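See below for input05.pdb, which holds PDB, C-alpha atoms.
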ATOM      1  CA  MET A   1     -31.306  -4.243  10.675
ATOM      2  CA  GLU A   2     -33.252  -7.105  12.123
ATOM      3  CA  TYR A   3     -34.537  -8.121  15.523
ATOM      4  CA  VAL A   4     -33.371 -11.556  16.643
ATOM      5  CA  LYS A   5     -34.236 -13.907  19.483
ATOM      6  CA  ASP A   6     -31.820 -16.576  20.733
ATOM      7  CA  LYS A   7     -29.698 -16.315  17.554
ATOM      8  CA  LYS A   8     -26.357 -18.104  17.901
ATOM      9  CA  MET A   9     -23.281 -16.204  16.722
ATOM     10  CA  TYR A  10     -19.642 -15.737  17.770
ATOM     11  CA  TYR A  11     -18.133 -12.930  19.818
ATOM     12  CA  ILE A  12     -14.355 -12.475  19.881
ATOM     13  CA  VAL A  13     -12.635 -10.289  22.447
ATOM     14  CA  GLN A  14      -9.103  -8.867  22.334
ATOM     15  CA  ASP A  15      -6.855  -9.489  25.347
ATOM     16  CA  THR A  16      -6.658  -5.972  26.816
ATOM     17  CA  PRO A  17      -6.988  -4.680  30.388
ATOM     18  CA  PHE A  18     -10.375  -3.141  29.433
ATOM     19  CA  ASN A  19     -11.684  -6.442  28.076
ATOM     20  CA  ARG A  20     -10.290  -8.464  30.991
ATOM     21  CA  LYS A  21     -12.358  -6.229  33.269
ATOM     22  CA  TYR A  22     -15.580  -5.903  31.276
ATOM     23  CA  ASN A  23     -15.675  -8.763  28.759
ATOM     24  CA  ASN A  24     -14.428 -11.816  30.627
ATOM     25  CA  TYR A  25     -17.402 -14.170  30.973
ATOM     26  CA  ASN A  26     -18.295 -17.684  32.091
ATOM     27  CA  ILE A  27     -20.721 -20.115  30.456
ATOM     28  CA  GLY A  28     -24.285 -19.103  31.280
ATOM     29  CA  ASP A  29     -23.461 -15.444  31.953
ATOM     30  CA  VAL A  30     -25.945 -12.997  30.476
ATOM     31  CA  PHE A  31     -25.115  -9.351  29.832
ATOM     32  CA  VAL A  32     -26.855  -6.381  28.293
ATOM     33  CA  VAL A  33     -24.769  -4.909  25.510
ATOM     34  CA  ASN A  34     -24.186  -1.188  25.902
ATOM     35  CA  SER A  35     -21.285   1.251  25.800
ATOM     36  CA  LYS A  36     -19.849  -0.234  29.034
ATOM     37  CA  HIS A  37     -18.868  -3.332  27.075
ATOM     38  CA  ASN A  38     -17.475  -1.500  24.068
ATOM     39  CA  SER A  39     -13.746  -0.912  23.743
ATOM     40  CA  LYS A  40     -14.382   1.465  20.785
ATOM     41  CA  LYS A  41     -16.376   3.752  23.097
ATOM     42  CA  TYR A  42     -13.602   3.552  25.692
ATOM     43  CA  ALA A  43     -10.906   4.437  23.109
ATOM     44  CA  TYR A  44     -13.083   7.257  21.741
ATOM     45  CA  ARG A  45     -13.653   8.759  25.213
ATOM     46  CA  LYS A  46      -9.972   8.445  26.081
ATOM     47  CA  ALA A  47      -9.001  10.192  22.826
ATOM     48  CA  LEU A  48     -11.635  12.875  23.337
ATOM     49  CA  LEU A  49     -10.430  13.670  26.853
ATOM     50  CA  SER A  50      -6.711  13.542  26.043
ATOM     51  CA  PHE A  51      -5.046  16.947  26.252
ATOM     52  CA  HIS A  52      -2.198  16.059  23.854
ATOM     53  CA  LYS A  53      -3.741  13.771  21.268
ATOM     54  CA  THR A  54      -1.564  11.209  19.510
ATOM     55  CA  GLU A  55      -1.975  10.552  15.778
ATOM     56  CA  ARG A  56      -3.773   7.318  16.635
ATOM     57  CA  GLN A  57      -6.204   9.192  18.889
ATOM     58  CA  LYS A  58      -6.857  11.792  16.193
ATOM     59  CA  ARG A  59      -7.598   8.991  13.741
ATOM     60  CA  ILE A  60      -9.973   7.295  16.212
ATOM     61  CA  LEU A  61     -11.891  10.553  16.668
ATOM     62  CA  PHE A  62     -12.071  11.170  12.911
ATOM     63  CA  ILE A  63     -13.219   7.648  12.014
ATOM     64  CA  GLU A  64     -15.763   7.277  14.832
ATOM     65  CA  ARG A  65     -17.296  10.708  14.198
ATOM     66  CA  LEU A  66     -17.528   9.916  10.499
ATOM     67  CA  HIS A  67     -19.130   6.535  11.243
ATOM     68  CA  GLU A  68     -21.761   8.182  13.445
ATOM     69  CA  LYS A  69     -22.534  10.918  10.924
ATOM     70  CA  ILE A  70     -22.975   8.413   8.074
ATOM     71  CA  ARG A  71     -24.956   5.959  10.239
ATOM     72  CA  LYS A  72     -27.422   8.694  11.175
ATOM     73  CA  SER A  73     -27.737   9.852   7.561
ATOM     74  CA  ILE A  74     -28.626   6.288   6.467
ATOM     75  CA  ASP A  75     -30.906   5.327   9.369
ATOM     76  CA  LYS A  76     -30.843   6.791  12.892
ATOM     77  CA  ASN A  77     -32.203   3.506  14.261
ATOM     78  CA  LEU A  78     -29.155   1.466  13.208
ATOM     79  CA  PRO A  79     -27.115   0.357  16.233
ATOM     80  CA  SER A  80     -24.189   2.653  16.993
ATOM     81  CA  ARG A  81     -20.711   1.107  16.920
ATOM     82  CA  GLN A  82     -19.995   2.658  20.307
ATOM     83  CA  SER A  83     -22.854   0.930  22.089
ATOM     84  CA  SER A  84     -22.701  -2.420  20.277
ATOM     85  CA  ILE A  85     -20.554  -5.497  20.208
ATOM     86  CA  VAL A  86     -19.260  -6.966  16.969
ATOM     87  CA  VAL A  87     -20.312 -10.561  16.356
ATOM     88  CA  PHE A  88     -19.642 -13.014  13.551
ATOM     89  CA  GLU A  89     -21.599 -15.689  11.757
ATOM     90  CA  ASN A  90     -18.993 -18.457  11.984
ATOM     91  CA  LEU A  91     -15.697 -19.490  13.573
ATOM     92  CA  GLN A  92     -13.748 -19.088  10.321
ATOM     93  CA  GLN A  93     -14.388 -15.336  10.441
ATOM     94  CA  CYS A  94     -13.117 -15.246  14.033
ATOM     95  CA  GLU A  95     -10.011 -17.238  13.085
ATOM     96  CA  GLY A  96      -9.362 -14.816  10.217
ATOM     97  CA  LEU A  97      -9.599 -11.933  12.660
ATOM     98  CA  VAL A  98      -7.158 -13.658  15.038
ATOM     99  CA  LYS A  99      -4.650 -13.961  12.145
ATOM    100  CA  LYS A 100      -5.129 -10.266  11.330
ATOM    101  CA  TRP A 101      -4.587  -9.295  14.974
ATOM    102  CA  ALA A 102      -1.426 -11.443  15.137
ATOM    103  CA  ARG A 103       0.254  -9.066  12.673
ATOM    104  CA  PHE A 104      -0.117  -6.355  15.339
ATOM    105  CA  ASN A 105       0.777  -8.613  18.305
ATOM    106  CA  ILE A 106      -2.836  -8.588  19.508
ATOM    107  CA  LYS A 107      -4.162 -11.777  21.054
ATOM    108  CA  PRO A 108      -7.719 -12.889  21.670
ATOM    109  CA  LEU A 109      -8.896 -13.075  25.264
ATOM    110  CA  HIS A 110     -11.755 -15.418  24.350
ATOM    111  CA  ILE A 111     -13.995 -16.484  21.525
ATOM    112  CA  TYR A 112     -17.517 -17.004  22.785
ATOM    113  CA  GLU A 113     -20.499 -18.673  21.217
ATOM    114  CA  VAL A 114     -23.403 -16.450  22.230
ATOM    115  CA  GLU A 115     -27.188 -16.417  22.014
ATOM    116  CA  LEU A 116     -28.411 -12.962  21.060
ATOM    117  CA  THR A 117     -31.773 -11.289  21.594
ATOM    118  CA  GLY A 118     -32.019  -7.745  20.267
ATOM    119  CA  LYS A 119     -30.989  -5.585  17.290
ATOM    120  CA  LEU A 120     -28.574  -7.067  14.748
ATOM    121  CA  HIS A 121     -27.163  -5.197  11.767
ATOM    122  CA  LYS A 122     -24.944  -6.649   9.014
ATOM    123  CA  CYS A 123     -21.998  -4.480   7.974
ATOM    124  CA  SER A 124     -19.702  -4.929   4.987
ATOM    125  CA  CYS A 125     -16.019  -4.645   5.903
ATOM    126  CA  THR A 126     -13.263  -3.298   3.715
ATOM    127  CA  LEU A 127     -10.084  -5.287   3.233
ATOM    128  CA  ASP A 128      -7.182  -3.924   5.306
ATOM    129  CA  ASP A 129      -4.918  -3.325   2.324
ATOM    130  CA  GLU A 130      -7.566  -0.954   0.951
ATOM    131  CA  LYS A 131      -7.627   1.238   4.079
ATOM    132  CA  GLU A 132      -4.215   2.882   4.072
ATOM    133  CA  ASN A 133      -3.592   6.429   2.861
ATOM    134  CA  ILE A 134      -7.023   7.053   1.389
ATOM    135  CA  SER A 135      -8.825  10.348   0.941
ATOM    136  CA  LYS A 136     -11.735  11.525   3.089
ATOM    137  CA  GLN A 137     -14.051  10.869   0.130
ATOM    138  CA  LYS A 138     -12.860   7.246  -0.080
ATOM    139  CA  HIS A 139     -13.390   6.926   3.698
ATOM    140  CA  ILE A 140     -16.946   8.199   3.250
ATOM    141  CA  GLU A 141     -17.611   5.737   0.404
ATOM    142  CA  GLY A 142     -16.160   2.835   2.403
ATOM    143  CA  ILE A 143     -18.066   3.702   5.570
ATOM    144  CA  THR A 144     -21.306   4.132   3.608
ATOM    145  CA  ALA A 145     -20.800   0.663   2.086
ATOM    146  CA  TYR A 146     -20.018  -0.657   5.595
ATOM    147  CA  TRP A 147     -23.324   0.590   7.009
ATOM    148  CA  LYS A 148     -25.383  -0.525   4.046
ATOM    149  CA  GLY A 149     -23.860  -4.023   4.212
ATOM    150  CA  GLU A 150     -24.123  -4.280   0.439
ATOM    151  CA  LYS A 151     -20.515  -4.436  -0.726
ATOM    152  CA  ASP A 152     -19.482  -8.047  -1.228
ATOM    153  CA  THR A 153     -15.928  -8.128   0.083
ATOM    154  CA  GLY A 154     -16.485 -11.513   1.666
ATOM    155  CA  LEU A 155     -15.929  -9.866   5.050
ATOM    156  CA  PHE A 156     -18.963  -9.093   7.146
ATOM    157  CA  GLU A 157     -19.384  -8.211  10.771
ATOM    158  CA  TRP A 158     -22.623  -7.732  12.635
ATOM    159  CA  LEU A 159     -23.274  -4.992  15.166
ATOM    160  CA  PHE A 160     -25.445  -6.167  18.017
ATOM    161  CA  GLN A 161     -27.344  -4.390  20.791
ATOM    162  CA  GLY A 162     -29.483  -6.234  23.282
ATOM    163  CA  GLN A 163     -28.976  -9.212  25.569
ATOM    164  CA  ALA A 164     -26.201 -11.751  25.058
ATOM    165  CA  LYS A 165     -25.889 -15.119  26.783
ATOM    166  CA  ILE A 166     -22.586 -17.026  26.830
ATOM    167  CA  VAL A 167     -23.234 -20.552  25.501
ATOM    168  CA  LYS A 168     -19.640 -21.800  24.981
ATOM    169  CA  ILE A 169     -16.107 -20.587  25.465
ATOM    170  CA  LEU A 170     -13.972 -21.726  22.547
TER     171      LEU A 170
END
For the structure just supplied, provide its representation as structure tokens.
Amino acid sequence: MEYVKDKKMYYIVQDTPFNRKYNNYNIGDVFVVNSKHNSKKYAYRKALLSFHKTERQKRILFIERLHEKIRKSIDKNLPSRQSSIVVFENLQQCEGLVKKWARFNIKPLHIYEVELTGKLHKCSCTLDDEKENISKQKHIEGITAYWKGEKDTGLFEWLFQGQAKIVKIL
């Protein structure tokens, strides 16, 4: 984890009712990143409070609880996924994510160039074709590699907490 000041990165937002309400910005807008801006936190809370949980909601609860447990075991000061935004180093990573989302009929609301001041942590992502039907132990290994940011899959995302300023809308 590092502390950054005015670091330029890219923030991509899915087109969902939640994001249209909380993550729809104009150039020059400044916001403090917290759980209000995080759709993962919203999905987690919704799943937690649901009386009849769907399989998707059960999976969300399992994965997010596991992420938190592993994060805390590595370093309690690392930014939580549920109170962070995910940012990327370059536009190519955002475009790759848009292609991935297209397979699930998910569209981007916006891609923003942002200036960040706060905590930034590099995470190593696992390729999607390696995520299906894996054991809990493999989940633990993958999530541990994610938090340590050491596995070179060529896919990295950064978790950010702090203040973000919208520089451009792409």
Report task. Let me know the residues the PyMOL selection byres ((chain A and resi 80) around 10) catches in the file above, as a list of chain:residue names. Result ->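 Matching residues under the PyMOL selection byres ((chain A and resi 80) around 10) are A:Asn34, A:Ser35, A:Lys41, A:Glu64, A:His67, A:Glu68, A:Arg71, A:Lys72, A:Lys76, A:Asn77, A:Leu78, A:Pro79, A:Arg81, A:Gln82, A:Ser83, A:Ser84, A:Ile85, A:His121, A:Leu159, A:Phe160, A:Gln161.
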Query - Who sits within 9 Å of Lys148 of chain A, only C-alpha atoms, same chain under 2 positions skipped, as a count of residues only - result: 11
Report task. Please write the residues picked by the PyMOL selection byres ((chain A and resi 43-50) around 10) on this file as number ranges by chain. Result -> A: 18, 38-42, 51-65, 82
Requested in this report: Have a look at atom CA of Val167 of chain A and atom CA of Ala102 of chain A and let me know their distance in Å, one decimal.
Outcome: 25.8 Å
Suppose a student applies the PyMOL selection byres ((chain A and resi 104-120) around 8) to this structure; what residues should they get, written as an mmCIF file with C-alpha atoms, keeping the file's coordinate frame?
data_model
loop_
_atom_site.group_PDB
_atom_site.id
_atom_site.type_symbol
_atom_site.label_atom_id
_atom_site.label_comp_id
_atom_site.auth_asym_id
_atom_site.auth_seq_id
_atom_site.Cartn_x
_atom_site.Cartn_y
_atom_site.Cartn_z
ATOM 1 C CA MET A 1 -31.306 -4.243 10.675
ATOM 2 C CA GLU A 2 -33.252 -7.105 12.123
ATOM 3 C CA TYR A 3 -34.537 -8.121 15.523
ATOM 4 C CA VAL A 4 -33.371 -11.556 16.643
ATOM 5 C CA LYS A 5 -34.236 -13.907 19.483
ATOM 6 C CA ASP A 6 -31.820 -16.576 20.733
ATOM 7 C CA LYS A 7 -29.698 -16.315 17.554
ATOM 8 C CA LYS A 8 -26.357 -18.104 17.901
ATOM 9 C CA MET A 9 -23.281 -16.204 16.722
ATOM 10 C CA TYR A 10 -19.642 -15.737 17.770
ATOM 11 C CA TYR A 11 -18.133 -12.930 19.818
ATOM 12 C CA ILE A 12 -14.355 -12.475 19.881
ATOM 13 C CA VAL A 13 -12.635 -10.289 22.447
ATOM 14 C CA GLN A 14 -9.103 -8.867 22.334
ATOM 15 C CA ASP A 15 -6.855 -9.489 25.347
ATOM 16 C CA THR A 16 -6.658 -5.972 26.816
ATOM 17 C CA ASN A 19 -11.684 -6.442 28.076
ATOM 18 C CA ARG A 20 -10.290 -8.464 30.991
ATOM 19 C CA ASN A 24 -14.428 -11.816 30.627
ATOM 20 C CA PRO A 79 -27.115 0.357 16.233
ATOM 21 C CA CYS A 94 -13.117 -15.246 14.033
ATOM 22 C CA VAL A 98 -7.158 -13.658 15.038
ATOM 23 C CA LYS A 100 -5.129 -10.266 11.330
ATOM 24 C CA TRP A 101 -4.587 -9.295 14.974
ATOM 25 C CA ALA A 102 -1.426 -11.443 15.137
ATOM 26 C CA ARG A 103 0.254 -9.066 12.673
ATOM 27 C CA HIS A 121 -27.163 -5.197 11.767
ATOM 28 C CA LYS A 122 -24.944 -6.649 9.014
ATOM 29 C CA TRP A 158 -22.623 -7.732 12.635
ATOM 30 C CA LEU A 159 -23.274 -4.992 15.166
ATOM 31 C CA PHE A 160 -25.445 -6.167 18.017
ATOM 32 C CA GLN A 161 -27.344 -4.390 20.791
ATOM 33 C CA GLY A 162 -29.483 -6.234 23.282
ATOM 34 C CA GLN A 163 -28.976 -9.212 25.569
ATOM 35 C CA ALA A 164 -26.201 -11.751 25.058
ATOM 36 C CA LYS A 165 -25.889 -15.119 26.783
ATOM 37 C CA ILE A 166 -22.586 -17.026 26.830
ATOM 38 C CA VAL A 167 -23.234 -20.552 25.501
ATOM 39 C CA LYS A 168 -19.640 -21.800 24.981
ATOM 40 C CA ILE A 169 -16.107 -20.587 25.465
ATOM 41 C CA LEU A 170 -13.972 -21.726 22.547
#
Query raised in the report: Distance atom CA of Gly149 of chain A-atom CA of Leu97 of chain A, one decimal place?
Result: 18.4 Å
Query raised in the report: Which one is closest to Ile70 of chain A: A:Phe88, A:Phe156, A:Trp147, A:Tyr25? Count all atoms listed in the file.
Result: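 Among the listed residues, the smallest separation from Ile70 of chain A belongs to A:Trp147.
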As AutoDock Vina command-line options: centre and edge lengths in Å, one decimal, of the axis-aligned box holding segment 143-151 of chain A with 5 Å per side:
--center_x -21.7 --center_y -0.2 --center_z 3.1 --size_x 17.3 --size_y 18.6 --size_z 17.7
